[in-house]
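First up is the structure itself, then whatever we jot down about it.
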Amino acid sequence: MTKRRSRGDSGLHWDDKRQRWIATASLGYDPSGKRIVKRGSGKTKTEAKNKLKEVLRDYEDGLTIAPGDYTVAQATNDWLTYGLSGLDPNTVATTTTLCKIHVIPALGKRKLRELSAQDVDKWLAEKATALSTSTLSRLHSCLNRIIKRAMARDKVRRNVVELCRVPQGQKGRPSKALTMAQAEEVLRASEGKSLHAYIVVSLLTGARTEELRALRWDHVDLVGDLDAVPPAPPYIAVWRSVRNGGDTKTRKSRRTLALPKLCVDVLTELQTAQQEEQGDTRSERGLVFASATGTELDAANVRRAFRRVIKHTSLNPAEWTPRELRHSFVSLLSDNGTPLEEISRLVGHSSTAVTELVYRKQIRPVLQGGAVVMDHIFDSQQKR
């Protein structure tokens with residue numbers, strides 16, 4: 001006599017409509033009284049049983065089985081919609097662009113549960129033929145966070161992206177620095193232009209473009225206090241940036257920089273011009289470098305204005321951006337014998353050699369090294 005299956009044991013039957021074997025298992029009832037039935041299908045009995053075992057294993061692990069058609073594209077869009085809240089708008093825009101251009105077209109149709117490490121390796125290898133290593137790292141990071149979010153919501157069992165390394169990509173655009181002759185040429189070309197003061201301060205202090213665009217007049221002292229002990233020269237307090245939250249790139253980037261005489265001159269002229277043109281109605285934010293409406297300058301507008309200045313020099317405008325004024329600052333100081341440790345302090349870089357000196361809640365004393373060297377460099381050139 002054929003032994004009857006115990007209640008809850010797996011069943012196996014052929015589905016004529018689907019042309020597949022269906023293995024089923026009853027796991028009792030849910031709180032509403034509905035029977036809990038798990039199924040696995042396959043072209044053979046063995047395949048159907050193995051699929052059912054996988055389903056039951058996931059169930060026992062506490063995983064909610066994701067829909068079979070849940071794709072990488074859906075996971076990516078879910079992450080872009082709900083996983084980027086609180087981030088800087090520019091970061092969100094850049095991340096969204098990377099995902100829509102590189103992730104979704106290449107991997108979007110792949111079912112998330114079927115995405116393999118080999119798929120990711122192949123995808124990164126193909127991208128490495130056209131993208132820089134830093135861009136590849138950002139793509140890897142995006143996909144990694146996409147899968148992690150999906151795991152946290154029981155859409156997939158493991159994160160295969162963590163098994164993959166970022167390959168070597170193409171060399172990125174190398175940073176450049178102006179020579180002394182080129183720097184003087186740029187300064188002459190900018191005279192009379194709206195961006196003149198911005199270019200002078202950027203070149204002679206090494207401040208980041210996002211720091212200068214957020215600089216306020218109440219963080220600028222064009223007089224100083226030479227009677228103080230120790231004497232305080234004219235300075236700018238680099239305490240803010242246009243980043244999300246208004247803080248600098250890192251807390252160690254908060255610094256107070258003495259101003260070279262040329263910076264004092266152009267900022268005094270700029271301040272006087274703003275007062276004459278706008279009076280008490282000038283930018284409510286008190287921005288040093290403001291748009292015509294008194295708002296913070298946009299990075300793209302600064303770049304375009306800078307390249308319009310470069311057009312009046314012997315340089316190629318397409319090859320230069322405002323951030324390279326900062327690189328030029330470092331290069332000019334280094335060429336004139338300034339120690340690397342001092343340069344790192346002036347530009348607000350993190351370094352184990354200067355951590356104790358730079359990371360202070362009191363932004364004092366004023367770092368005068370850059371101003372002293374720049375005064376010497378440009379004074380000596382003007383006397384020729």
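We label chains A, B, ... in the order they appear in the structure tokens, count residues from 1 in each chain, and number ligands from 1 in the order shown.
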* Shell of 10 Å around stretch 17-25 of chain A, only C-alpha atoms, local chain residues under 4 positions omitted, as a ChimeraX atom specification -> /A:7-13,36-53,56
* Every residue of stretch 59-169 of chain A that DSSP places in helix (DSSP H, G or I), as an MDAnalysis selection string -> chainID A and resid 59:60 72:82 89:107 112:114 117:127 133:152 160:163
* Within 9 Å of A:Leu131, counting only C-alpha atoms, which residues qualify if same-chain residues fewer than 6 places away don't, as a PyMOL selection string? -> chain A and resi 169-172
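Distances here use only C-alpha atoms; by that measure, the residue among A:Leu267, A:Val186, A:Ala75, A:Cys164 closest to A:Met151 is A:Ala75.
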* Non-local contacts of A:Leu315 (10 Å; only C-alpha atoms; under 6 positions in same chain excluded) as a list of chain:residue names -> A:Leu178, A:Gln182, A:Glu185, A:Val186, A:Arg307, A:Val309
* **Which of stretch 197-302 of chain A fall in strand (DSSP E or B), as a PyMOL selection string** => chain A and resi 216+220-221+225+232+235-238+255-258+287+290+296
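Distances here use only C-alpha atoms; by that measure, the residue among A:Ala189, A:Val229, A:Leu297, A:Val264 closest to A:Leu204 is A:Val264.
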* Could you tell me how far atom CA of A:Glu342 lies from atom CA of A:His196, in Å and to one decimal? => 26.7 Å
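With only C-alpha atoms as the atoms that count, the residue of A:Val201, A:Ala177, A:Ala128, A:Ala73 with the shortest distance to A:Ile147 is A:Ala73.
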* To do: Name the residues in contact with stretch 110-123 of chain A at a cut-off of 12 Å, using only C-alpha atoms, excluding same-chain residues fewer than 5 positions from it; report them as a VMD selection string.
  => chain A and resid 65 to 76 102 to 105 128 to 131 136 139 to 140 143 to 144 146 to 148 150 to 151 154 to 167
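Atom CA of A:Thr321 lies 19.5 Å from atom CA of A:Leu215.
Atom pair atom CA of A:Ala258 / atom CA of A:Gly370: separated by 7.4 Å.
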